[in-house]
file input.pdb (PDB, C-alpha atoms)
ATOM      1  CA  MET A   1     -31.465   0.604  15.521  1.00  0.00           C
ATOM      2  CA  SER A   2     -27.783   0.590  14.609  1.00  0.00           C
ATOM      3  CA  THR A   3     -25.084  -0.147  17.128  1.00  0.00           C
ATOM      4  CA  PRO A   4     -21.820   1.795  17.473  1.00  0.00           C
ATOM      5  CA  LYS A   5     -20.064  -1.172  15.831  1.00  0.00           C
ATOM      6  CA  ASP A   6     -22.461  -1.010  12.839  1.00  0.00           C
ATOM      7  CA  THR A   7     -21.895   2.742  12.560  1.00  0.00           C
ATOM      8  CA  LYS A   8     -18.113   2.319  12.690  1.00  0.00           C
ATOM      9  CA  GLY A   9     -18.309  -0.420  10.049  1.00  0.00           C
ATOM     10  CA  ALA A  10     -20.401   1.756   7.744  1.00  0.00           C
ATOM     11  CA  GLU A  11     -18.030   4.662   8.198  1.00  0.00           C
ATOM     12  CA  LEU A  12     -14.995   2.470   7.558  1.00  0.00           C
ATOM     13  CA  GLY A  13     -16.626   1.081   4.418  1.00  0.00           C
ATOM     14  CA  ALA A  14     -17.397   4.572   3.146  1.00  0.00           C
ATOM     15  CA  LEU A  15     -13.830   5.689   3.935  1.00  0.00           C
ATOM     16  CA  GLN A  16     -12.427   2.710   2.016  1.00  0.00           C
ATOM     17  CA  ALA A  17     -14.701   3.495  -0.945  1.00  0.00           C
ATOM     18  CA  ALA A  18     -13.557   7.130  -0.921  1.00  0.00           C
ATOM     19  CA  LEU A  19      -9.936   5.993  -0.710  1.00  0.00           C
ATOM     20  CA  ALA A  20     -10.406   3.633  -3.656  1.00  0.00           C
ATOM     21  CA  ALA A  21     -12.051   6.462  -5.601  1.00  0.00           C
ATOM     22  CA  GLU A  22      -9.167   8.814  -4.824  1.00  0.00           C
ATOM     23  CA  HIS A  23      -6.668   6.205  -6.041  1.00  0.00           C
ATOM     24  CA  ALA A  24      -8.589   6.068  -9.320  1.00  0.00           C
ATOM     25  CA  VAL A  25      -8.823   9.863  -9.581  1.00  0.00           C
ATOM     26  CA  VAL A  26      -5.078  10.267  -9.016  1.00  0.00           C
ATOM     27  CA  TYR A  27      -4.496   7.758 -11.822  1.00  0.00           C
ATOM     28  CA  GLY A  28      -7.015   9.561 -14.032  1.00  0.00           C
ATOM     29  CA  TYR A  29      -5.333  12.912 -13.494  1.00  0.00           C
ATOM     30  CA  GLY A  30      -2.076  11.318 -14.628  1.00  0.00           C
ATOM     31  CA  VAL A  31      -3.809  10.673 -17.946  1.00  0.00           C
ATOM     32  CA  VAL A  32      -5.319  14.172 -17.958  1.00  0.00           C
ATOM     33  CA  GLY A  33      -1.881  15.696 -17.382  1.00  0.00           C
ATOM     34  CA  GLY A  34      -0.467  13.814 -20.340  1.00  0.00           C
ATOM     35  CA  ARG A  35      -3.081  15.149 -22.782  1.00  0.00           C
ATOM     36  CA  ILE A  36      -4.189  18.547 -21.468  1.00  0.00           C
ATOM     37  CA  ASP A  37      -3.195  21.781 -23.228  1.00  0.00           C
ATOM     38  CA  ASP A  38      -0.526  23.905 -21.569  1.00  0.00           C
ATOM     39  CA  SER A  39      -3.136  26.566 -20.805  1.00  0.00           C
ATOM     40  CA  ARG A  40      -4.883  24.222 -18.330  1.00  0.00           C
ATOM     41  CA  ARG A  41      -1.918  22.156 -17.147  1.00  0.00           C
ATOM     42  CA  GLY A  42      -1.593  24.164 -13.900  1.00  0.00           C
ATOM     43  CA  GLU A  43      -5.253  23.525 -13.099  1.00  0.00           C
ATOM     44  CA  ALA A  44      -4.753  19.805 -13.703  1.00  0.00           C
ATOM     45  CA  ARG A  45      -1.641  19.752 -11.512  1.00  0.00           C
ATOM     46  CA  SER A  46      -3.464  21.543  -8.717  1.00  0.00           C
ATOM     47  CA  ALA A  47      -6.330  19.038  -8.844  1.00  0.00           C
ATOM     48  CA  TYR A  48      -3.869  16.129  -8.943  1.00  0.00           C
ATOM     49  CA  ASP A  49      -2.098  17.458  -5.833  1.00  0.00           C
ATOM     50  CA  ALA A  50      -5.413  18.026  -4.024  1.00  0.00           C
ATOM     51  CA  HIS A  51      -6.534  14.457  -4.717  1.00  0.00           C
ATOM     52  CA  ARG A  52      -3.205  13.023  -3.583  1.00  0.00           C
ATOM     53  CA  ALA A  53      -3.568  14.935  -0.308  1.00  0.00           C
ATOM     54  CA  ARG A  54      -7.160  13.675   0.131  1.00  0.00           C
ATOM     55  CA  ARG A  55      -6.009  10.135  -0.631  1.00  0.00           C
ATOM     56  CA  ASP A  56      -3.350  10.341   2.072  1.00  0.00           C
ATOM     57  CA  GLU A  57      -5.836  11.856   4.543  1.00  0.00           C
ATOM     58  CA  LEU A  58      -8.294   9.024   3.866  1.00  0.00           C
ATOM     59  CA  ALA A  59      -5.613   6.374   4.366  1.00  0.00           C
ATOM     60  CA  ARG A  60      -4.866   7.881   7.786  1.00  0.00           C
ATOM     61  CA  ALA A  61      -8.564   7.933   8.659  1.00  0.00           C
ATOM     62  CA  VAL A  62      -8.929   4.261   7.711  1.00  0.00           C
ATOM     63  CA  ARG A  63      -5.978   3.385   9.950  1.00  0.00           C
ATOM     64  CA  ASP A  64      -7.466   5.502  12.758  1.00  0.00           C
ATOM     65  CA  LEU A  65     -10.584   3.319  12.627  1.00  0.00           C
ATOM     66  CA  GLY A  66      -8.457   0.164  12.770  1.00  0.00           C
ATOM     67  CA  GLY A  67      -8.688  -0.702   9.078  1.00  0.00           C
ATOM     68  CA  LYS A  68      -6.048  -1.520   6.503  1.00  0.00           C
ATOM     69  CA  PRO A  69      -6.172   1.103   3.735  1.00  0.00           C
ATOM     70  CA  GLU A  70      -7.156  -0.044   0.267  1.00  0.00           C
ATOM     71  CA  VAL A  71      -4.185  -0.092  -2.065  1.00  0.00           C
ATOM     72  CA  SER A  72      -4.119   1.404  -5.516  1.00  0.00           C
ATOM     73  CA  ALA A  73      -4.465  -0.803  -8.562  1.00  0.00           C
ATOM     74  CA  ALA A  74      -1.650  -0.743 -11.080  1.00  0.00           C
ATOM     75  CA  ALA A  75      -3.994   0.757 -13.682  1.00  0.00           C
ATOM     76  CA  TYR A  76      -7.647   1.696 -14.088  1.00  0.00           C
ATOM     77  CA  ALA A  77     -10.071   1.444 -16.997  1.00  0.00           C
ATOM     78  CA  LEU A  78     -11.040   4.905 -18.181  1.00  0.00           C
ATOM     79  CA  PRO A  79     -14.652   5.650 -19.151  1.00  0.00           C
ATOM     80  CA  PHE A  80     -13.578   6.663 -22.694  1.00  0.00           C
ATOM     81  CA  ASP A  81     -10.464   7.157 -24.837  1.00  0.00           C
ATOM     82  CA  VAL A  82      -8.459  10.244 -23.988  1.00  0.00           C
ATOM     83  CA  ARG A  83      -6.660  11.166 -27.191  1.00  0.00           C
ATOM     84  CA  ASP A  84      -6.566  14.962 -26.996  1.00  0.00           C
ATOM     85  CA  SER A  85      -6.971  17.945 -24.713  1.00  0.00           C
ATOM     86  CA  ALA A  86     -10.742  18.149 -25.157  1.00  0.00           C
ATOM     87  CA  ALA A  87     -11.106  14.539 -24.024  1.00  0.00           C
ATOM     88  CA  ALA A  88      -8.738  15.239 -21.112  1.00  0.00           C
ATOM     89  CA  VAL A  89     -10.993  18.093 -19.986  1.00  0.00           C
ATOM     90  CA  ARG A  90     -14.055  15.807 -20.224  1.00  0.00           C
ATOM     91  CA  LEU A  91     -12.217  13.153 -18.209  1.00  0.00           C
ATOM     92  CA  ALA A  92     -11.261  15.644 -15.499  1.00  0.00           C
ATOM     93  CA  ALA A  93     -14.881  16.773 -15.173  1.00  0.00           C
ATOM     94  CA  ASP A  94     -16.086  13.175 -15.114  1.00  0.00           C
ATOM     95  CA  LEU A  95     -13.566  12.220 -12.432  1.00  0.00           C
ATOM     96  CA  GLU A  96     -14.642  15.122 -10.237  1.00  0.00           C
ATOM     97  CA  GLU A  97     -18.353  14.402 -10.646  1.00  0.00           C
ATOM     98  CA  ARG A  98     -17.898  10.743  -9.821  1.00  0.00           C
ATOM     99  CA  VAL A  99     -15.698  11.304  -6.788  1.00  0.00           C
ATOM    100  CA  ALA A 100     -18.254  13.817  -5.506  1.00  0.00           C
ATOM    101  CA  GLY A 101     -20.771  10.949  -5.420  1.00  0.00           C
ATOM    102  CA  VAL A 102     -18.456   8.838  -3.316  1.00  0.00           C
ATOM    103  CA  TYR A 103     -17.932  11.727  -0.911  1.00  0.00           C
ATOM    104  CA  SER A 104     -21.700  12.164  -0.599  1.00  0.00           C
ATOM    105  CA  ASP A 105     -21.800   8.566   0.655  1.00  0.00           C
ATOM    106  CA  LEU A 106     -19.074   9.373   3.188  1.00  0.00           C
ATOM    107  CA  VAL A 107     -21.006  12.439   4.378  1.00  0.00           C
ATOM    108  CA  ARG A 108     -23.991  10.180   5.101  1.00  0.00           C
ATOM    109  CA  ALA A 109     -21.895   7.537   6.874  1.00  0.00           C
ATOM    110  CA  SER A 110     -19.803   9.796   9.103  1.00  0.00           C
ATOM    111  CA  SER A 111     -20.125  12.478  11.734  1.00  0.00           C
ATOM    112  CA  GLY A 112     -18.112  15.225  13.376  1.00  0.00           C
ATOM    113  CA  ASP A 113     -14.777  16.193  11.861  1.00  0.00           C
ATOM    114  CA  ARG A 114     -14.827  13.319   9.371  1.00  0.00           C
ATOM    115  CA  ARG A 115     -18.215  14.438   8.080  1.00  0.00           C
ATOM    116  CA  ARG A 116     -16.929  18.013   7.715  1.00  0.00           C
ATOM    117  CA  MET A 117     -13.900  16.716   5.780  1.00  0.00           C
ATOM    118  CA  ALA A 118     -16.162  14.686   3.473  1.00  0.00           C
ATOM    119  CA  ALA A 119     -18.465  17.658   2.879  1.00  0.00           C
ATOM    120  CA  GLU A 120     -15.445  19.856   2.108  1.00  0.00           C
ATOM    121  CA  ALA A 121     -14.095  17.248  -0.335  1.00  0.00           C
ATOM    122  CA  LEU A 122     -17.535  17.024  -1.975  1.00  0.00           C
ATOM    123  CA  ARG A 123     -17.658  20.807  -2.337  1.00  0.00           C
ATOM    124  CA  GLU A 124     -14.132  20.971  -3.777  1.00  0.00           C
ATOM    125  CA  ALA A 125     -14.879  18.222  -6.301  1.00  0.00           C
ATOM    126  CA  ALA A 126     -18.118  19.953  -7.345  1.00  0.00           C
ATOM    127  CA  VAL A 127     -16.317  23.262  -7.861  1.00  0.00           C
ATOM    128  CA  ARG A 128     -13.559  21.611  -9.910  1.00  0.00           C
ATOM    129  CA  ALA A 129     -16.172  19.782 -12.004  1.00  0.00           C
ATOM    130  CA  VAL A 130     -17.875  23.093 -12.804  1.00  0.00           C
ATOM    131  CA  ARG A 131     -14.549  24.641 -13.764  1.00  0.00           C
ATOM    132  CA  TRP A 132     -13.735  21.738 -16.070  1.00  0.00           C
ATOM    133  CA  ARG A 133     -17.183  21.314 -17.598  1.00  0.00           C
ATOM    134  CA  GLY A 134     -18.250  24.955 -17.596  1.00  0.00           C
ATOM    135  CA  GLU A 135     -21.667  24.168 -16.117  1.00  0.00           C
ATOM    136  CA  SER A 136     -23.036  22.854 -12.850  1.00  0.00           C
ATOM    137  CA  VAL A 137     -25.611  20.381 -11.616  1.00  0.00           C
ATOM    138  CA  ALA A 138     -28.317  21.035  -9.031  1.00  0.00           C
ATOM    139  CA  PHE A 139     -27.068  18.511  -6.475  1.00  0.00           C
ATOM    140  CA  PRO A 140     -23.349  17.754  -6.854  1.00  0.00           C
ATOM    141  CA  GLY A 141     -22.515  14.236  -5.828  1.00  0.00           C
ATOM    142  CA  LEU A 142     -26.008  12.998  -6.540  1.00  0.00           C
ATOM    143  CA  ALA A 143     -26.334  13.546 -10.294  1.00  0.00           C
ATOM    144  CA  GLU A 144     -24.637  10.291 -11.263  1.00  0.00           C
ATOM    145  CA  ARG A 145     -26.770   8.386  -8.765  1.00  0.00           C
ATOM    146  CA  ALA A 146     -29.781   9.082 -10.972  1.00  0.00           C
ATOM    147  CA  ALA A 147     -28.084   7.655 -14.061  1.00  0.00           C
ATOM    148  CA  PRO A 148     -28.959   4.007 -14.735  1.00  0.00           C
ATOM    149  CA  SER A 149     -25.348   3.048 -15.449  1.00  0.00           C
ATOM    150  CA  ALA A 150     -23.694   4.817 -12.525  1.00  0.00           C
ATOM    151  CA  THR A 151     -20.289   3.368 -11.714  1.00  0.00           C
ATOM    152  CA  PRO A 152     -17.620   4.431  -9.260  1.00  0.00           C
ATOM    153  CA  VAL A 153     -14.855   6.759 -10.350  1.00  0.00           C
ATOM    154  CA  ALA A 154     -13.105   5.008 -13.215  1.00  0.00           C
ATOM    155  CA  ALA A 155     -12.322   2.549 -10.448  1.00  0.00           C
ATOM    156  CA  THR A 156     -12.217  -0.567 -12.510  1.00  0.00           C
ATOM    157  CA  PRO A 157      -8.692  -1.907 -12.336  1.00  0.00           C
ATOM    158  CA  SER A 158      -7.377  -2.776 -15.768  1.00  0.00           C
ATOM    159  CA  PRO A 159      -6.427  -6.404 -16.292  1.00  0.00           C
ATOM    160  CA  SER A 160      -2.703  -6.844 -15.894  1.00  0.00           C
TER     161      SER A 160
END
call {"tool": "encode", "arguments": {"input": "input.pdb", "output": "structure tokens"}}
result
Amino acid sequence: MSTPKDTKGAELGALQAALAAEHAVVYGYGVVGGRIDDSRRGEARSAYDAHRARRDELARAVRDLGGKPEVSAAAYALPFDVRDSAAAVRLAADLEERVAGVYSDLVRASSGDRRRMAAEALREAAVRAVRWRGESVAFPGLAERAAPSATPVAATPSPS
């Protein structure tokens, strides 16, 4: 049986993971914005703004639980080269699908308002992924968990 301290620790860990993922997604959308066609630039900007807001919300939640928010890395390794608009669209979809997985972990680890926020963030990421990719998956946030090489959202800091 878990104690309240164990539950708080699990929730804080999941919040920190979501915060780290949002840092990586914000970075990734900076790359997307630099390569995306003008016709989809507004969509990329909207997603970028939404992820920045989620990042800030998560940092507050970490502080509310007594933690020190994870800081952003200077740069992140991308899952593939982004040389054109088509690759930028693939990256945006990949970022959204991966961050949805991190939010599914936060849904499991939290309760109350924080759980509702995580579920909302998961839903928003799944919807954006569908818009970018043009198709959906049966269980957003869980699809990458089935892949043998699942990794967090482009969250590997690049060597400086």
call {"tool": "residues_around", "arguments": {"input": "input.pdb", "residues": "Ser85 in chain A", "least_positions_apart": "6", "cutoff": "9 Å", "atoms": "only C-alpha atoms", "output": "list in words"}}
result
Val32, Gly34, Arg35, Ile36 and Asp37 of chain A
call {"tool": "resolve_selection", "arguments": {"input": "input.pdb", "expression": "the PyMOL selection byres ((chain A and resi 55) around 9)", "output": "list in words"}}
result
Ala18, Leu19, Ala20, Ala21, Glu22, His23, Val26, Ala50, His51, Arg52, Ala53, Arg54, Asp56, Glu57, Leu58, Ala59 and Arg60 of chain A
call {"tool": "closest_residue", "arguments": {"input": "input.pdb", "among": "A:Val25, A:Leu12, A:Asp64, A:Ala129", "to": "Glu97 in chain A", "atoms": "all atoms listed in the file"}}
result
A:Ala129
call {"tool": "atom_distance", "arguments": {"input": "input.pdb", "atom1": "CA of Ser110 in chain A", "atom2": "CA of Glu11 in chain A"}}
result
5.5 Å
call {"tool": "closest_residue", "arguments": {"input": "input.pdb", "among": "A:Val89, A:Ala47, A:Ala125, A:Val82", "to": "Gly101 in chain A", "atoms": "only C-alpha atoms"}}
result
A:Ala125
call {"tool": "atom_distance", "arguments": {"input": "input.pdb", "atom1": "CA of Val31 in chain A", "atom2": "CA of Ser72 in chain A"}}
result
15.5 Å
call {"tool": "resolve_selection", "arguments": {"input": "input.pdb", "expression": "the PyMOL selection byres ((chain A and resi 80) around 12)", "output": "ChimeraX atom specification"}}
result
/A:28,31,76-79,81-84,87-88,90-92,94-95,154
